[in-house]
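Here is structure.txt, consisting of compact mmCIF, C-alpha atoms:
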# COMPACT_ATOMS: atom_id res chain seq x y z
CA MET A 1 0.00 0.00 0.00
CA SER A 2 1.56 3.26 -1.06
CA GLY A 3 2.43 5.89 1.54
CA GLU A 4 1.29 8.51 -0.97
CA SER A 5 -2.36 7.45 -0.74
CA ARG A 6 -4.22 9.50 1.79
CA ILE A 7 -7.28 8.30 3.65
CA THR A 8 -10.01 10.89 4.05
CA GLY A 9 -12.28 11.31 7.04
CA PHE A 10 -9.61 12.35 9.54
CA GLU A 11 -9.56 16.08 8.77
CA ALA A 12 -11.05 16.87 12.19
CA PHE A 13 -7.68 15.92 13.71
CA ASP A 14 -6.32 19.15 12.23
CA GLN A 15 -8.17 21.00 15.00
CA LEU A 16 -6.21 19.24 17.76
CA ALA A 17 -3.26 20.83 19.55
CA THR A 18 -1.45 17.49 19.82
CA MET A 19 0.39 15.69 17.03
CA VAL A 20 -1.74 12.97 15.43
CA ALA A 21 -1.05 10.47 12.66
CA VAL A 22 -2.89 7.50 11.18
CA ALA A 23 -0.71 4.60 10.06
CA ASP A 24 -1.08 1.02 8.83
CA ALA A 25 0.46 -2.09 10.37
CA GLU A 26 3.80 -1.53 8.59
CA GLY A 27 3.98 2.05 9.82
CA HIS A 28 3.19 3.77 6.53
CA CYS A 29 1.73 7.20 7.29
CA ARG A 30 -1.79 7.54 5.90
CA PHE A 31 -2.66 10.85 7.55
CA ALA A 32 -0.77 13.54 9.51
CA ASN A 33 -2.46 16.51 11.14
CA ALA A 34 -1.43 20.17 10.93
CA THR A 35 0.18 20.22 14.38
CA LEU A 36 2.45 17.31 13.48
CA GLU A 37 3.39 19.10 10.28
CA ASP A 38 4.30 22.28 12.20
CA VAL A 39 6.32 20.55 14.91
CA ALA A 40 8.16 18.15 12.58
CA GLY A 41 9.15 21.07 10.37
CA VAL A 42 8.23 19.35 7.08
CA SER A 43 5.18 19.28 4.87
CA ARG A 44 2.36 16.78 5.28
CA ARG A 45 3.15 15.33 1.86
CA THR A 46 6.73 14.61 2.94
CA LEU A 47 5.55 12.97 6.15
CA MET A 48 3.25 10.67 4.20
CA ARG A 49 6.00 9.50 1.88
CA GLY A 50 7.82 7.77 4.72
CA THR A 51 6.90 5.70 7.72
CA VAL A 52 6.18 6.73 11.27
CA LEU A 53 9.17 4.64 12.30
CA ASP A 54 11.39 7.32 10.78
CA TRP A 55 10.09 9.93 13.22
CA LEU A 56 11.20 8.41 16.50
CA ALA A 57 14.62 7.61 17.88
CA GLU A 58 13.00 4.57 19.52
CA ALA A 59 11.82 2.90 16.29
CA ALA A 60 11.94 -0.58 17.85
CA ALA A 61 9.55 0.43 20.62
CA LEU A 62 7.09 1.84 18.09
CA THR A 63 7.36 -1.25 15.86
CA GLN A 64 6.54 -3.51 18.79
CA THR A 65 3.67 -1.30 19.93
CA LEU A 66 2.15 -1.16 16.43
CA ALA A 67 2.22 -4.95 16.19
CA ARG A 68 0.52 -5.39 19.56
CA VAL A 69 -2.26 -2.91 18.75
CA VAL A 70 -2.92 -4.15 15.18
CA SER A 71 -3.07 -7.78 16.37
CA ASN A 72 -5.66 -6.84 19.04
CA GLU A 73 -3.30 -7.89 21.79
CA VAL A 74 -4.04 -4.53 23.42
CA ALA A 75 -6.50 -1.76 22.55
CA SER A 76 -3.91 0.93 23.19
CA ALA A 77 -0.38 1.29 24.49
CA ARG A 78 1.89 4.16 25.39
CA PHE A 79 5.55 4.95 25.96
CA ASP A 80 7.90 7.91 26.21
CA GLY A 81 10.23 8.62 23.31
CA HIS A 82 12.08 11.27 21.34
CA MET A 83 10.79 12.68 18.07
CA LYS A 84 13.27 13.63 15.35
CA ARG A 85 12.87 17.09 13.88
CA VAL A 86 13.91 18.87 10.70
CA PRO A 87 16.33 20.47 10.07
CA TYR A 88 18.43 17.53 11.08
CA GLY A 89 20.74 18.45 13.90
CA SER A 90 17.90 20.01 15.89
CA ASN A 91 17.44 18.58 19.34
CA ASP A 92 15.06 15.64 19.51
CA LEU A 93 11.73 16.49 21.11
CA PRO A 94 10.70 14.45 24.20
CA VAL A 95 7.19 13.13 23.58
CA HIS A 96 4.65 10.80 25.14
CA VAL A 97 3.43 8.39 22.45
CA ILE A 98 -0.04 6.81 22.52
CA VAL A 99 -0.96 4.15 19.95
CA SER A 100 -4.65 3.20 19.77
CA GLN A 101 -6.96 1.07 17.65
CA LEU A 102 -9.25 2.64 15.07
CA ASP A 103 -12.57 1.43 13.73
CA ARG A 104 -10.92 0.89 10.35
CA PRO A 105 -9.20 -2.51 9.96
CA GLY A 106 -5.42 -2.41 9.74
CA LEU A 107 -5.13 1.22 10.82
CA VAL A 108 -3.97 2.70 14.12
CA LEU A 109 -4.04 6.17 15.63
CA ILE A 110 -0.71 7.56 16.86
CA GLU A 111 -0.81 10.57 19.15
CA MET A 112 2.33 12.35 20.32
CA ILE A 113 2.18 14.84 23.17
CA GLU A 114 5.11 17.11 23.93
CA ILE A 115 6.16 16.30 27.48
CA GLU A 116 7.27 19.89 28.04
CA GLN A 117 3.94 21.16 26.68
CA GLN A 118 1.98 18.90 29.01
CA THR A 119 4.06 20.08 31.96
CA ARG A 120 3.48 23.70 30.94
CA LEU A 121 -0.28 23.17 30.58
CA ASP A 122 -0.47 21.53 34.00
CA ARG A 123 1.50 24.40 35.53
CA GLU A 124 -0.62 26.98 33.70
CA GLU A 125 -3.85 25.38 34.91
CA ARG A 126 -2.59 25.25 38.48
CA LEU A 127 -1.38 28.86 38.44
CA HIS A 128 -4.58 30.08 36.78
CA GLY A 129 -6.73 28.48 39.48
CA LEU A 130 -4.51 29.89 42.22
CA ALA A 131 -4.55 33.35 40.63
CA GLN A 132 -8.34 33.36 40.47
CA ALA A 133 -8.55 32.36 44.14
CA ASN A 134 -6.01 35.03 45.12
CA LYS A 135 -7.83 37.76 43.19
CA GLU A 136 -11.13 36.87 44.79
CA LEU A 137 -9.51 36.87 48.23
CA VAL A 138 -7.83 40.24 47.64
CA ARG A 139 -11.03 41.75 46.25
CA ASN A 140 -13.05 40.66 49.29
CA LEU A 141 -10.31 41.76 51.67
CA ALA A 142 -10.09 45.18 50.01
CA HIS A 143 -13.82 45.70 50.43
CA GLU A 144 -13.61 44.71 54.10
CA ILE A 145 -10.76 47.16 54.69
CA LYS A 146 -12.31 50.08 52.82
CA ASN A 147 -15.21 50.90 55.17
CA PRO A 148 -13.37 50.89 58.54
CA LEU A 149 -10.50 52.79 56.90
CA GLY A 150 -12.84 55.64 56.08
CA GLY A 151 -14.06 55.66 59.67
CA ILE A 152 -10.50 55.78 61.04
CA ARG A 153 -9.62 58.72 58.81
CA GLY A 154 -12.79 60.62 59.72
CA ALA A 155 -12.24 60.07 63.44
CA ALA A 156 -8.64 61.31 63.15
CA GLN A 157 -9.84 64.50 61.42
CA LEU A 158 -12.42 65.17 64.16
CA LEU A 159 -9.83 64.47 66.83
CA GLU A 160 -7.41 66.90 65.20
CA MET A 161 -9.96 69.71 65.46
CA GLU A 162 -10.43 69.05 69.20
CA ILE A 163 -6.75 68.86 70.16
CA PRO A 164 -5.30 72.25 71.14
CA SER A 165 -1.67 71.11 71.12
CA ARG A 166 0.19 71.35 67.79
CA GLU A 167 2.55 68.56 68.86
CA LEU A 168 -0.31 66.15 69.55
CA ALA A 169 -2.03 67.15 66.29
CA GLU A 170 1.00 65.79 64.42
CA TYR A 171 -0.02 62.29 65.53
CA THR A 172 -3.43 62.68 63.95
CA GLN A 173 -1.70 63.78 60.72
CA VAL A 174 0.26 60.52 60.79
CA ILE A 175 -3.00 58.58 61.12
CA ILE A 176 -4.61 60.51 58.25
CA HIS A 177 -1.53 60.12 56.02
CA GLU A 178 -1.29 56.36 56.61
CA ALA A 179 -5.05 55.95 56.11
CA ASP A 180 -4.73 57.73 52.75
CA ARG A 181 -1.81 55.50 51.78
CA LEU A 182 -3.82 52.38 52.59
CA GLN A 183 -6.81 53.80 50.73
CA ALA A 184 -4.65 54.24 47.61
CA LEU A 185 -3.50 50.62 47.93
CA VAL A 186 -7.08 49.39 48.29
CA ASP A 187 -8.12 51.43 45.25
CA ARG A 188 -5.38 49.78 43.19
CA LEU A 189 -6.54 46.34 44.34
CA LEU A 190 -10.09 47.11 43.25
CA ASP A 191 -9.10 48.99 40.08
CA PRO A 192 -9.46 46.10 37.58
CA HIS A 193 -12.99 45.43 38.78
CA ARG A 194 -14.03 49.08 38.50
CA ARG A 195 -12.70 50.05 35.10
CA PRO A 196 -15.15 49.53 32.27
CA HIS A 197 -13.91 47.10 29.62
CA VAL A 198 -13.94 49.31 26.49
CA VAL A 199 -13.64 47.09 23.43
CA GLY A 200 -12.44 48.37 20.06
CA ASP A 201 -9.94 47.63 17.30
CA VAL A 202 -6.43 47.36 18.76
CA ASN A 203 -3.14 47.71 16.89
CA ILE A 204 -0.54 46.10 19.14
CA HIS A 205 2.23 48.26 17.70
CA GLU A 206 0.40 51.43 18.70
CA VAL A 207 0.29 49.98 22.20
CA CYS A 208 4.02 49.23 22.10
CA GLU A 209 4.88 52.69 20.77
CA ARG A 210 2.88 54.35 23.54
CA VAL A 211 4.70 52.28 26.16
CA ARG A 212 8.07 52.96 24.52
CA SER A 213 7.51 56.73 24.54
CA LEU A 214 6.52 56.65 28.22
CA ILE A 215 9.61 54.65 29.19
CA LEU A 216 12.01 56.87 27.25
CA ALA A 217 10.39 60.01 28.68
CA GLU A 218 11.11 58.69 32.18
CA PHE A 219 14.60 57.40 31.34
CA PRO A 220 16.03 59.57 28.54
CA ARG A 221 19.60 58.40 29.26
CA GLY A 222 21.18 55.05 30.00
CA LEU A 223 18.33 52.96 28.60
CA SER A 224 17.64 51.85 25.03
CA VAL A 225 14.29 50.44 23.96
CA GLU A 226 14.55 48.33 20.80
CA ARG A 227 11.63 47.65 18.45
CA ASP A 228 11.38 44.23 16.84
CA TYR A 229 7.93 44.19 15.23
CA ASP A 230 6.15 41.85 12.86
CA ALA A 231 4.21 44.29 10.69
CA SER A 232 1.88 41.53 9.43
CA ILE A 233 0.07 41.16 12.77
CA PRO A 234 -3.59 42.13 12.25
CA GLU A 235 -5.71 44.31 14.48
CA PHE A 236 -7.88 42.51 17.01
CA ARG A 237 -10.77 43.38 19.30
CA GLY A 238 -9.68 44.46 22.74
CA ASP A 239 -9.32 47.23 25.31
CA ARG A 240 -6.43 49.42 24.19
CA GLU A 241 -6.01 51.25 27.51
CA HIS A 242 -6.01 48.04 29.54
CA LEU A 243 -3.34 46.53 27.27
CA ILE A 244 -1.22 49.68 27.52
CA GLN A 245 -1.47 49.45 31.30
CA ALA A 246 -0.52 45.75 31.26
CA VAL A 247 2.56 46.34 29.10
CA ILE A 248 3.66 49.46 30.97
CA ASN A 249 3.41 47.58 34.28
CA ILE A 250 5.73 44.86 32.97
CA ALA A 251 8.09 47.40 31.39
CA HIS A 252 8.12 49.48 34.57
CA ASN A 253 9.15 46.39 36.55
CA ALA A 254 11.95 45.91 34.04
CA THR A 255 13.22 49.48 34.47
CA GLN A 256 13.31 49.03 38.23
CA ALA A 257 15.36 45.84 37.84
CA LEU A 258 17.67 47.69 35.41
CA GLY A 259 18.56 50.45 37.89
CA ASP A 260 22.28 49.67 38.04
CA ARG A 261 22.54 49.17 34.27
CA ILE A 262 20.75 52.47 33.62
CA VAL A 263 23.37 54.20 35.76
CA ALA A 264 26.09 52.34 33.82
CA GLY A 265 24.43 53.31 30.53
CA ASP A 266 23.93 49.81 29.07
CA ALA A 267 20.33 49.01 30.06
CA HIS A 268 18.35 47.44 27.24
CA ILE A 269 14.67 46.55 26.72
CA VAL A 270 13.27 44.85 23.63
CA LEU A 271 9.61 45.02 22.55
CA ARG A 272 9.12 42.09 20.15
CA THR A 273 5.93 41.01 18.36
CA ARG A 274 5.37 37.75 16.52
CA VAL A 275 2.51 35.57 15.28
CA ALA A 276 2.33 32.14 16.93
CA ARG A 277 0.54 29.33 15.11
CA GLN A 278 -1.34 26.35 16.48
CA VAL A 279 -0.80 27.30 20.12
CA THR A 280 -2.58 26.05 23.21
CA PHE A 281 -3.08 28.09 26.36
CA ALA A 282 -5.82 28.55 28.90
CA LYS A 283 -7.02 25.02 27.95
CA GLN A 284 -7.84 26.14 24.41
CA ARG A 285 -6.16 25.73 21.05
CA PHE A 286 -5.86 28.73 18.75
CA ARG A 287 -4.88 28.78 15.10
CA LEU A 288 -3.19 32.17 15.48
CA ALA A 289 -2.08 34.16 18.51
CA LEU A 290 -0.18 37.34 19.19
CA GLU A 291 3.15 36.90 20.99
CA LEU A 292 4.42 40.07 22.63
CA HIS A 293 7.79 39.79 24.35
CA ILE A 294 9.06 42.38 26.83
CA GLN A 295 12.72 41.46 27.27
CA ASP A 296 15.38 43.10 29.45
CA ASN A 297 19.03 42.49 30.30
CA GLY A 298 18.59 42.92 34.04
CA PRO A 299 19.66 40.57 36.84
CA GLY A 300 16.59 38.35 36.47
CA VAL A 301 13.65 37.48 38.71
CA PRO A 302 14.81 36.18 42.11
CA GLU A 303 14.39 32.41 42.22
CA SER A 304 12.67 32.65 45.59
CA ILE A 305 9.64 34.41 44.06
CA ARG A 306 9.80 33.16 40.46
CA ASP A 307 6.73 30.94 40.87
CA ARG A 308 4.78 33.66 42.70
CA ILE A 309 5.49 36.84 40.76
CA PHE A 310 1.88 37.19 39.57
CA HIS A 311 0.47 36.76 43.08
CA PRO A 312 -0.83 39.91 44.77
CA LEU A 313 1.55 41.74 47.12
CA VAL A 314 4.61 39.70 46.05
CA SER A 315 7.50 41.98 45.13
CA GLY A 316 11.18 41.45 44.41
CA ARG A 317 12.24 44.90 45.58
CA GLU A 318 12.07 46.78 48.85
CA GLY A 319 9.11 49.14 48.99
CA GLY A 320 7.28 47.50 46.06
CA THR A 321 3.53 46.94 46.32
CA GLY A 322 3.56 43.69 44.32
CA LEU A 323 0.50 44.75 42.32
CA GLY A 324 1.92 45.65 38.90
CA LEU A 325 2.18 42.12 37.52
CA THR A 326 -1.07 41.06 39.19
CA LEU A 327 -2.93 43.85 37.40
CA ALA A 328 -1.13 43.07 34.13
CA GLN A 329 -2.24 39.44 34.38
CA THR A 330 -5.83 40.52 35.07
CA PHE A 331 -5.94 42.81 32.03
CA VAL A 332 -4.42 40.16 29.74
CA GLU A 333 -6.86 37.51 30.98
CA GLN A 334 -9.70 39.89 30.08
CA HIS A 335 -8.51 39.36 26.49
CA HIS A 336 -8.57 35.54 26.95
CA GLY A 337 -4.79 35.61 27.00
CA THR A 338 -2.00 34.61 29.33
CA ILE A 339 1.42 35.82 30.51
CA GLU A 340 4.51 33.62 30.84
CA CYS A 341 7.92 34.45 32.25
CA GLU A 342 11.38 33.09 31.48
CA SER A 343 14.25 34.51 33.50
CA VAL A 344 17.98 33.96 33.86
CA PRO A 345 20.57 36.55 34.91
CA GLY A 346 21.03 38.95 32.00
CA ARG A 347 17.88 37.92 30.15
CA THR A 348 14.29 38.12 31.38
CA ILE A 349 11.35 37.72 29.00
CA PHE A 350 7.70 38.30 29.82
CA LYS A 351 5.61 36.82 27.02
CA ILE A 352 2.01 37.93 26.49
CA LEU A 353 -0.15 35.59 24.39
CA ILE A 354 -3.50 36.83 23.03
CA PRO A 355 -5.70 34.99 20.47
CA LEU A 356 -5.95 36.59 17.04
CA PRO A 357 -8.99 36.39 14.72
Can you present the structure in this file as C-alpha cells?
Amino acid sequence: MSGESRITGFEAFDQLATMVAVADAEGHCRFANATLEDVAGVSRRTLMRGTVLDWLAEAAALTQTLARVVSNEVASARFDGHMKRVPYGSNDLPVHVIVSQLDRPGLVLIEMIEIEQQTRLDREERLHGLAQANKELVRNLAHEIKNPLGGIRGAAQLLEMEIPSRELAEYTQVIIHEADRLQALVDRLLDPHRRPHVVGDVNIHEVCERVRSLILAEFPRGLSVERDYDASIPEFRGDREHLIQAVINIAHNATQALGDRIVAGDAHIVLRTRVARQVTFAKQRFRLALELHIQDNGPGVPESIRDRIFHPLVSGREGGTGLGLTLAQTFVEQHHGTIECESVPGRTIFKILIPLP
C-alpha cells in the first residue's frame, strides 16, 4: 500500500493541539495533522512519503507497539520517546506516544504529546486556578478594609480639630496620612474590577509605541528600547487602555530591575511582536495568537519568588507593592490571553499571548 495514498475522514484531527497520525500495520503514514506538520518542520506530503518509524529515535519500541495494537493484543499502548525534527541536527523532542486502535481494519491512531507542553499546561492550569482564588480573596479583603479605613480617617480629622496642642495634632496627621496610603493601595486592588472594559480595534504596535515613549520620557539616558515588530500582525478586538497598562506595568518592573545598568548606561529593553501558530493556552487551542515579548538584560527574577510573581503583594524589591504584575495578568486575561515568564541573569522575558482572529 503506497504511503502517498491518503485516507479521508480524519480532517477533524487538524483541529487538535497534539500531534496525530494515522498509520497502517507496517507504519506507513496515511494521515498527519497540521500540528504534526508544524512541529516536525516538514510538509504533510513529505511525512506521508515515509513511515512513522522514521520519526522516533525509539523505532523498535514503536514497531513492537504497532504490532501489539494491530493484532488486538491490546486496545492501546503508550511509551515515552524522542521525536526527530527537521532540520536535522535540531534537538530531539521528548514526547509521550499513545498508539490506539481505530474502527478501520489495519489502521492505528498515533498521538504524540510534547512532554514539556503537558508540563506547561499543567503548571498553567494550576497557576490560573490559584490566581483566580487570590484575586477573589484580595477583592473581598479590600472591600472589608475600605469601610473601617474611612471611619478611622474621619475620626482622626475630628480628633485633630479638638486637640489644642500642635505637637499632639501631628499624631493625627500621621493617622490621616497612613489611612490615605492604605486607601490608595485598596483602590489599586479594586481597580481592575471598577474600570469599564472598552472594546475596540487594537493595533498592538500602537500599544508598544505608547509604552516605549513613556519609558524613554522617564529614562532619557542610559536605557535603550529596541523595536522588533512583525508588521503583518492584524488588528484585534480588545481594550487598548487596559493593554497599555498591562505592558507598561511589565516594562516598569523591568526598568526598576535595570537600575544599576541604567546608571552604567547599558540598560536594554526589547519590545518584540510575533505571530504564533497552532498554540494552546488557557485550555484552548488557537490557530493564530499574538506573541508580545518584553525582554530586558537585568539581573533576572529572584528564584525565591519566580513561581509567585503574579500573586498579589509579592515583590522582588524593597518598597514595592507587588501589584503591577497582578494587574497586568488581570488585564491580559480579560482578552482571553495569558502571561509567561522566562528569567535567567542577564535575560528576562515576559511573554504575552493573546488569540488573534
Item to complete: Do a neighbour search on Pro299 (chain A) at 9 Å with all atoms listed in the file, toss out local chain neighbours closer than 5 positions, and write the hits as a PyMOL selection string.
Response: chain A and resi 257-258+343-348
Worksheet item: Using all atoms listed in the file, which of A:His177, A:Ala264, A:Thr255, A:Gly200 sits nearest Gly222 (chain A)?
Response: A:Ala264
Fill in: Using only C-alpha atoms: which of A:Val332, A:Val186, A:Ile305, A:Leu47 has the shortest distance to Val22 (chain A)
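Closest to Val22 (chain A) of all the choices is A:Leu47.
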Worksheet entry | Counting only C-alpha atoms, the option among A:Gln183, A:Gln173, A:Gln334, A:Thr65 closest to Ala77 (chain A) |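 Selected residue with least distance to Ala77 (chain A): A:Thr65.
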Discussion item. One number please: CA of Ile204 (chain A) to CA of Asn253 (chain A), in Å, one decimal.
Written reply: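 For CA of Ile204 (chain A) relative to CA of Asn253 (chain A), the distance reads 19.9 Å.
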Padding 5 Å on each side, edges along x, y and z: where is the centre of the box around the listed atoms of region 252-264 of chain A, and how long are its edges in Å to one decimal? Output it as lines of an AutoDock Vina configuration file.
center_x = 17.1
center_y = 50.0
center_z = 35.9
size_x = 28.0
size_y = 18.4
size_z = 14.6
Worksheet item: Quick one: distance from CA of Val279 (chain A) to CA of Asn33 (chain A) in Å, one decimal?
Response: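 If I compute the distance from CA of Val279 (chain A) to CA of Asn33 (chain A), I get 14.1 Å.
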Discussion item. Just checking: using only C-alpha atoms, which residue out of A:Met83, A:Arg272, A:Thr280, A:Ala75 ends up closest to Asp103 (chain A)?
Written reply: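 Answer, going by the shortest atom-to-atom distance: A:Ala75.
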Worksheet entry | Atom pair CA of His205 (chain A) / CA of Gln278 (chain A): separation (Å) |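 We find that CA of His205 (chain A) and CA of Gln278 (chain A) lie 22.2 Å from each other.
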Worksheet item: Smallest atom-to-atom distance to Leu185 (chain A): which of A:Ala61, A:Lys146, A:Leu158, A:Glu73, using all atoms listed in the file?
Response: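 Using all atoms listed in the file, Leu185 (chain A) sits closest to A:Lys146.
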Fill in: Residues near region 106-110 of chain A, cut-off 9 Å, all atoms listed in the file, skip fewer than 3 positions along chain, as a VMD selection string
chain A and resid 19 to 25 30 52 66 69 to 71 97 to 103
Could you please take those selected residues and save C-alpha atoms as a PDB file, in the frame of the given file?
ATOM      1  CA  MET A  19       0.390  15.690  17.030  1.00  0.00           C
ATOM      2  CA  VAL A  20      -1.740  12.970  15.430  1.00  0.00           C
ATOM      3  CA  ALA A  21      -1.050  10.470  12.660  1.00  0.00           C
ATOM      4  CA  VAL A  22      -2.890   7.500  11.180  1.00  0.00           C
ATOM      5  CA  ALA A  23      -0.710   4.600  10.060  1.00  0.00           C
ATOM      6  CA  ASP A  24      -1.080   1.020   8.830  1.00  0.00           C
ATOM      7  CA  ALA A  25       0.460  -2.090  10.370  1.00  0.00           C
ATOM      8  CA  ARG A  30      -1.790   7.540   5.900  1.00  0.00           C
ATOM      9  CA  VAL A  52       6.180   6.730  11.270  1.00  0.00           C
ATOM     10  CA  LEU A  66       2.150  -1.160  16.430  1.00  0.00           C
ATOM     11  CA  VAL A  69      -2.260  -2.910  18.750  1.00  0.00           C
ATOM     12  CA  VAL A  70      -2.920  -4.150  15.180  1.00  0.00           C
ATOM     13  CA  SER A  71      -3.070  -7.780  16.370  1.00  0.00           C
ATOM     14  CA  VAL A  97       3.430   8.390  22.450  1.00  0.00           C
ATOM     15  CA  ILE A  98      -0.040   6.810  22.520  1.00  0.00           C
ATOM     16  CA  VAL A  99      -0.960   4.150  19.950  1.00  0.00           C
ATOM     17  CA  SER A 100      -4.650   3.200  19.770  1.00  0.00           C
ATOM     18  CA  GLN A 101      -6.960   1.070  17.650  1.00  0.00           C
ATOM     19  CA  LEU A 102      -9.250   2.640  15.070  1.00  0.00           C
ATOM     20  CA  ASP A 103     -12.570   1.430  13.730  1.00  0.00           C
TER      21      ASP A 103
END
Worksheet item: Is there a way to get, as a ChimeraX atom specification, all residues within 12 Å of the point (20.3, 51.5, 33.5) in file coordinates, counting all atoms listed in the file?
Response: /A:215-216,218-225,254-269,296-299
Just C-alpha atoms for this one: save the residues we selected as a PDB file, in the frame of the given file.
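Output contents, as saved in part37.pdb:
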ATOM      1  CA  ILE A 215       9.610  54.650  29.190  1.00  0.00           C
ATOM      2  CA  LEU A 216      12.010  56.870  27.250  1.00  0.00           C
ATOM      3  CA  GLU A 218      11.110  58.690  32.180  1.00  0.00           C
ATOM      4  CA  PHE A 219      14.600  57.400  31.340  1.00  0.00           C
ATOM      5  CA  PRO A 220      16.030  59.570  28.540  1.00  0.00           C
ATOM      6  CA  ARG A 221      19.600  58.400  29.260  1.00  0.00           C
ATOM      7  CA  GLY A 222      21.180  55.050  30.000  1.00  0.00           C
ATOM      8  CA  LEU A 223      18.330  52.960  28.600  1.00  0.00           C
ATOM      9  CA  SER A 224      17.640  51.850  25.030  1.00  0.00           C
ATOM     10  CA  VAL A 225      14.290  50.440  23.960  1.00  0.00           C
ATOM     11  CA  ALA A 254      11.950  45.910  34.040  1.00  0.00           C
ATOM     12  CA  THR A 255      13.220  49.480  34.470  1.00  0.00           C
ATOM     13  CA  GLN A 256      13.310  49.030  38.230  1.00  0.00           C
ATOM     14  CA  ALA A 257      15.360  45.840  37.840  1.00  0.00           C
ATOM     15  CA  LEU A 258      17.670  47.690  35.410  1.00  0.00           C
ATOM     16  CA  GLY A 259      18.560  50.450  37.890  1.00  0.00           C
ATOM     17  CA  ASP A 260      22.280  49.670  38.040  1.00  0.00           C
ATOM     18  CA  ARG A 261      22.540  49.170  34.270  1.00  0.00           C
ATOM     19  CA  ILE A 262      20.750  52.470  33.620  1.00  0.00           C
ATOM     20  CA  VAL A 263      23.370  54.200  35.760  1.00  0.00           C
ATOM     21  CA  ALA A 264      26.090  52.340  33.820  1.00  0.00           C
ATOM     22  CA  GLY A 265      24.430  53.310  30.530  1.00  0.00           C
ATOM     23  CA  ASP A 266      23.930  49.810  29.070  1.00  0.00           C
ATOM     24  CA  ALA A 267      20.330  49.010  30.060  1.00  0.00           C
ATOM     25  CA  HIS A 268      18.350  47.440  27.240  1.00  0.00           C
ATOM     26  CA  ILE A 269      14.670  46.550  26.720  1.00  0.00           C
ATOM     27  CA  ASP A 296      15.380  43.100  29.450  1.00  0.00           C
ATOM     28  CA  ASN A 297      19.030  42.490  30.300  1.00  0.00           C
ATOM     29  CA  GLY A 298      18.590  42.920  34.040  1.00  0.00           C
ATOM     30  CA  PRO A 299      19.660  40.570  36.840  1.00  0.00           C
TER      31      PRO A 299
END
Discussion item. Please determine, counting all atoms listed in the file, which residue among A:Thr18, A:Ser213, A:Thr63, A:Thr338 has the shortest atom-to-atom distance to Ala32 (chain A).
Written reply: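 Between A:Thr18, A:Ser213, A:Thr63, A:Thr338, the residue approaching Ala32 (chain A) most closely is A:Thr18.
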Item to complete: Please provide as a list of chain:residue names all residues within 9 Å of Ala328 (chain A), with the sequence filter that same-chain residues fewer than 4 positions apart are discarded (counting all atoms listed in the file).
Response: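 Answer for this query is A:His242, A:Leu243, A:Gln245, A:Ala246, A:Val247, A:Ile248, A:Asn249, A:Ile250, A:Phe310, A:Leu323, A:Gly324, A:Val332, A:Glu333, A:Ile339.
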Discussion item. List the spatial neighbours of His335 (chain A) as a list of chain:residue names - criterion: any atom at most 12 Å away, all atoms listed in the file, same-chain residues fewer than 6 positions off excluded.
Written reply: A:His197, A:Val198, A:Val199, A:Gly200, A:Val202, A:Phe236, A:Arg237, A:Gly238, A:Asp239, A:Arg240, A:His242, A:Leu243, A:Ala246, A:Ala282, A:Ala289, A:Leu290, A:Ala328, A:Gln329, A:Ile352, A:Leu353, A:Ile354, A:Pro355, A:Leu356
Starting from the sparse input, extend region 235-246 of chain A to N, CA and C atoms and give the output as a short mmCIF file (atom, residue, chain, number, x, y, z; two decimals), keeping the file's coordinate frame.
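Contents of result.cif, freshly written:
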data_model
loop_
_atom_site.label_atom_id
_atom_site.label_comp_id
_atom_site.auth_asym_id
_atom_site.auth_seq_id
_atom_site.Cartn_x
_atom_site.Cartn_y
_atom_site.Cartn_z
N GLU A 235 -5.01 43.74 13.34
CA GLU A 235 -5.71 44.31 14.48
C GLU A 235 -6.64 43.26 15.08
N PHE A 236 -6.96 43.43 16.34
CA PHE A 236 -7.88 42.51 17.01
C PHE A 236 -8.76 43.31 17.96
N ARG A 237 -9.83 42.70 18.40
CA ARG A 237 -10.77 43.38 19.30
C ARG A 237 -10.25 43.30 20.72
N GLY A 238 -10.18 44.45 21.38
CA GLY A 238 -9.68 44.46 22.74
C GLY A 238 -9.80 45.84 23.35
N ASP A 239 -9.32 45.96 24.58
CA ASP A 239 -9.32 47.23 25.31
C ASP A 239 -7.92 47.81 25.25
N ARG A 240 -7.75 48.84 24.43
CA ARG A 240 -6.43 49.42 24.19
C ARG A 240 -5.79 49.94 25.48
N GLU A 241 -6.56 50.65 26.29
CA GLU A 241 -6.01 51.25 27.51
C GLU A 241 -5.59 50.18 28.51
N HIS A 242 -6.38 49.12 28.63
CA HIS A 242 -6.01 48.04 29.54
C HIS A 242 -4.72 47.36 29.09
N LEU A 243 -4.56 47.17 27.77
CA LEU A 243 -3.34 46.53 27.27
C LEU A 243 -2.13 47.45 27.46
N ILE A 244 -2.31 48.75 27.26
CA ILE A 244 -1.22 49.68 27.52
C ILE A 244 -0.80 49.59 28.98
N GLN A 245 -1.77 49.53 29.88
CA GLN A 245 -1.47 49.45 31.30
C GLN A 245 -0.75 48.15 31.63
N ALA A 246 -1.18 47.04 31.01
CA ALA A 246 -0.52 45.75 31.26
C ALA A 246 0.93 45.79 30.83
#
